[in-house]
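Inspection log for the structure reproduced underneath, given as structure tokens.
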Amino acid sequence: MSRLRDFLIGDPTATRIVPPSGFTAVLTIASAAAMAFLAVFAIALHLATGELAARWEAELAGTATVRIPASENAEADAAAVLTALSQTPGIVEARRLTDEEQLVLLAPWFGDGVPLDRLRLPVLIEVLETDAGPDVTGLSERISAEAPGAVYDNHSRWRVPLANAASRLRQLGAVSLLLIAGVTAVTIALAASSALAANGQVIDVLRIVGARDGWIAAAFTRRFTMRAFAGALGGTIIGMIAVALVPGGVETGVLSGLGFDGLQWLWPLLVPFVAAGLAFGATWVAAARRLKEDG
């Protein structure tokens with residue numbers, strides 16, 4: 001703890017050997033802020049896609065739909081299918097969708113006020129399955145026999161691709177965080193090396209008067225760590241505000257879940273500390289390597 005306190009307070013004498021402003025200072029603060037801003041969105045994407053996959057799975061799992069083509073015998077076919085479903089093990093409930101419910105389903109494509117009297121819509125039956133579910137193959141054959149052309153759809157062809165897509169988006173968020181961390185470390189290391197090279201004469205004089213390489217490296221490390229923390233803190237705050245302003249709602253699709261909820265708002269607050277840790281490691285390695293080459 002004492003070393004951490006001394007690092008945070010700093011040595012005024014050592015701090016003066018690192019230029020307080022200039023190109024390297026601007027580069028460090030700006031890059032840390034930009035990377036932190038992107039990191040906040042990557043974290044939001046990572047969390048949102050996980051919840052999105054769970055929501056899609058919950059909404060589609062355990063449900064099915066029977067589609068009966070429109071025909072003169074559609075009413076009789078629907079009654080026969082409902083009877084067959086009520087007698088099938090693994091089926092909890094089956095009910096026919098009303099015209100109003102079909103209008104709601106068609107609204108995203110055709111808008112409100114669809115003229116049902118001019119359309120030959122299929123009969124849709126909503127099915128709720130048990131956890132074990134029915135024998136889909138046998139049930140499909142029986143439904144086809146009761147109502148030619150009827151199709152039993154348990155949404156598996158939709159559920160699996162959607163879950164896979166959400167999983168890949170989540171992986172993309174994690175990979176983005178790793179890339180952001182790598183770019184941040186490299187940028188700060190380059191800035192630190194540039195500052196060391198620009199202050200080569202000062203470092204030579206310090207060595208002559210007895211300054212140790214560890215003391216010099218610590219001065220640069222502290223300065224760049226604090227710069228990275230300050231820049232990342234600003235970028236994180238802006239990123240959190242931007243995420244909070246992302247529009248929500250069903251009409252936004254995937255973006256409807258992009259954001260933080262409850263304790264999830266604590267995750268972005270780790271970004272400045274991670275950036276400071278990356279800056280500490282990158283600057284220390286760069287300083288030690290540079291001093292070793294000059295020594």
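We name chains A, B, ... following the order of the structure tokens; residues begin at 1 in each chain, and ligands are numbered from 1 as shown.
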Residue neighbourhood Ile68 of chain A, 12 Å, only C-alpha atoms, exclusion window fewer than 4 positions, as a ChimeraX atom specification:
/A:72-82,96-97,120-126,143-144,146-153
Please produce a file of those selected residues containing N, CA and C atoms, as a compact mmCIF listing (two decimals), in the first residue's frame.
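Wrote it out as part.txt, contents follow:
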# COMPACT_ATOMS: atom_id res chain seq x y z
N GLU A 72 -61.22 -24.02 -49.21
CA GLU A 72 -62.63 -24.14 -48.84
C GLU A 72 -62.81 -25.00 -47.60
N ASN A 73 -61.87 -25.91 -47.36
CA ASN A 73 -61.98 -26.81 -46.21
C ASN A 73 -61.12 -26.35 -45.04
N ALA A 74 -60.68 -25.09 -45.04
CA ALA A 74 -59.76 -24.62 -44.01
C ALA A 74 -60.36 -24.73 -42.61
N GLU A 75 -61.65 -24.42 -42.49
CA GLU A 75 -62.28 -24.46 -41.17
C GLU A 75 -62.33 -25.89 -40.64
N ALA A 76 -62.71 -26.83 -41.49
CA ALA A 76 -62.76 -28.23 -41.07
C ALA A 76 -61.36 -28.76 -40.78
N ASP A 77 -60.40 -28.36 -41.61
CA ASP A 77 -59.02 -28.79 -41.37
C ASP A 77 -58.51 -28.25 -40.03
N ALA A 78 -58.84 -26.99 -39.72
CA ALA A 78 -58.39 -26.40 -38.46
C ALA A 78 -58.98 -27.14 -37.28
N ALA A 79 -60.25 -27.49 -37.37
CA ALA A 79 -60.89 -28.22 -36.28
C ALA A 79 -60.25 -29.59 -36.10
N ALA A 80 -59.93 -30.26 -37.20
CA ALA A 80 -59.30 -31.58 -37.12
C ALA A 80 -57.91 -31.49 -36.52
N VAL A 81 -57.17 -30.46 -36.91
CA VAL A 81 -55.82 -30.29 -36.37
C VAL A 81 -55.86 -29.98 -34.87
N LEU A 82 -56.78 -29.13 -34.45
CA LEU A 82 -56.91 -28.81 -33.03
C LEU A 82 -57.25 -30.05 -32.22
N ARG A 96 -56.28 -21.36 -31.96
CA ARG A 96 -56.25 -20.70 -33.27
C ARG A 96 -56.11 -19.19 -33.08
N LEU A 97 -55.27 -18.57 -33.88
CA LEU A 97 -55.10 -17.12 -33.81
C LEU A 97 -56.31 -16.42 -34.43
N ARG A 120 -56.39 -14.16 -48.94
CA ARG A 120 -56.62 -15.56 -48.54
C ARG A 120 -55.48 -15.95 -47.59
N LEU A 121 -55.71 -15.63 -46.32
CA LEU A 121 -54.67 -15.90 -45.33
C LEU A 121 -54.77 -17.33 -44.82
N PRO A 122 -53.63 -17.93 -44.52
CA PRO A 122 -53.67 -19.27 -43.94
C PRO A 122 -54.21 -19.23 -42.51
N VAL A 123 -54.65 -20.36 -42.05
CA VAL A 123 -55.08 -20.49 -40.66
C VAL A 123 -53.84 -20.79 -39.81
N LEU A 124 -53.66 -20.02 -38.76
CA LEU A 124 -52.51 -20.20 -37.88
C LEU A 124 -52.97 -20.69 -36.52
N ILE A 125 -52.30 -21.72 -36.03
CA ILE A 125 -52.60 -22.29 -34.72
C ILE A 125 -51.34 -22.20 -33.87
N GLU A 126 -51.46 -21.56 -32.74
CA GLU A 126 -50.34 -21.41 -31.81
C GLU A 126 -50.31 -22.59 -30.87
N ILE A 143 -50.71 -34.52 -38.68
CA ILE A 143 -51.32 -33.25 -39.09
C ILE A 143 -51.47 -33.19 -40.60
N SER A 144 -50.47 -33.66 -41.32
CA SER A 144 -50.56 -33.67 -42.79
C SER A 144 -51.70 -34.57 -43.26
N GLU A 146 -54.49 -35.20 -41.49
CA GLU A 146 -55.75 -34.56 -41.12
C GLU A 146 -56.05 -33.35 -42.00
N ALA A 147 -54.98 -32.60 -42.35
CA ALA A 147 -55.16 -31.38 -43.15
C ALA A 147 -54.05 -31.32 -44.19
N PRO A 148 -54.32 -31.76 -45.39
CA PRO A 148 -53.28 -31.75 -46.43
C PRO A 148 -52.70 -30.35 -46.63
N GLY A 149 -51.39 -30.29 -46.64
CA GLY A 149 -50.71 -29.02 -46.81
C GLY A 149 -50.37 -28.32 -45.51
N ALA A 150 -50.91 -28.80 -44.38
CA ALA A 150 -50.61 -28.18 -43.09
C ALA A 150 -49.17 -28.47 -42.68
N VAL A 151 -48.54 -27.51 -42.04
CA VAL A 151 -47.13 -27.61 -41.65
C VAL A 151 -46.99 -27.33 -40.16
N TYR A 152 -46.29 -28.22 -39.47
CA TYR A 152 -45.98 -28.03 -38.04
C TYR A 152 -44.57 -27.46 -37.92
N ASP A 153 -44.46 -26.25 -37.42
CA ASP A 153 -43.16 -25.55 -37.33
C ASP A 153 -42.85 -25.27 -35.87
Skipping near chain neighbours, those fewer than 3 positions away, what residues fall within 10 Å of Ser176 of chain A using only C-alpha atoms, listed as a PDB file with C-alpha atoms, in the first residue's frame?
ATOM      1  CA  LEU A  38     -15.011   2.332 -27.931  1.00  0.00           C
ATOM      2  CA  ALA A  39     -14.506  -0.054 -25.012  1.00  0.00           C
ATOM      3  CA  PHE A  41     -19.671   0.282 -26.541  1.00  0.00           C
ATOM      4  CA  ALA A  42     -17.874  -3.058 -26.849  1.00  0.00           C
ATOM      5  CA  ILE A  43     -18.869  -3.923 -23.277  1.00  0.00           C
ATOM      6  CA  LEU A  45     -22.505  -5.020 -27.117  1.00  0.00           C
ATOM      7  CA  HIS A  46     -21.055  -7.978 -25.225  1.00  0.00           C
ATOM      8  CA  ARG A 170     -20.904 -11.592 -28.185  1.00  0.00           C
ATOM      9  CA  GLN A 171     -17.578 -13.056 -29.288  1.00  0.00           C
ATOM     10  CA  LEU A 172     -17.087 -10.037 -31.526  1.00  0.00           C
ATOM     11  CA  GLY A 173     -17.531  -7.783 -28.494  1.00  0.00           C
ATOM     12  CA  LEU A 179      -8.019  -5.298 -29.837  1.00  0.00           C
ATOM     13  CA  ILE A 180      -8.791  -2.045 -28.050  1.00  0.00           C
ATOM     14  CA  ALA A 181      -6.533  -3.042 -25.160  1.00  0.00           C
ATOM     15  CA  GLY A 182      -3.732  -3.971 -27.554  1.00  0.00           C
TER      16      GLY A 182
END
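Distances here use only C-alpha atoms; by that measure, the residue among A:Ala217, A:Ser194, A:Ser86, A:Val127 closest to Phe280 of chain A is A:Ala217.
Here the question is which of A:Ala228, A:Val186, A:Ala84, A:Ala166 gets nearest to Thr28 of chain A using only C-alpha atoms, and that residue is A:Ala228.
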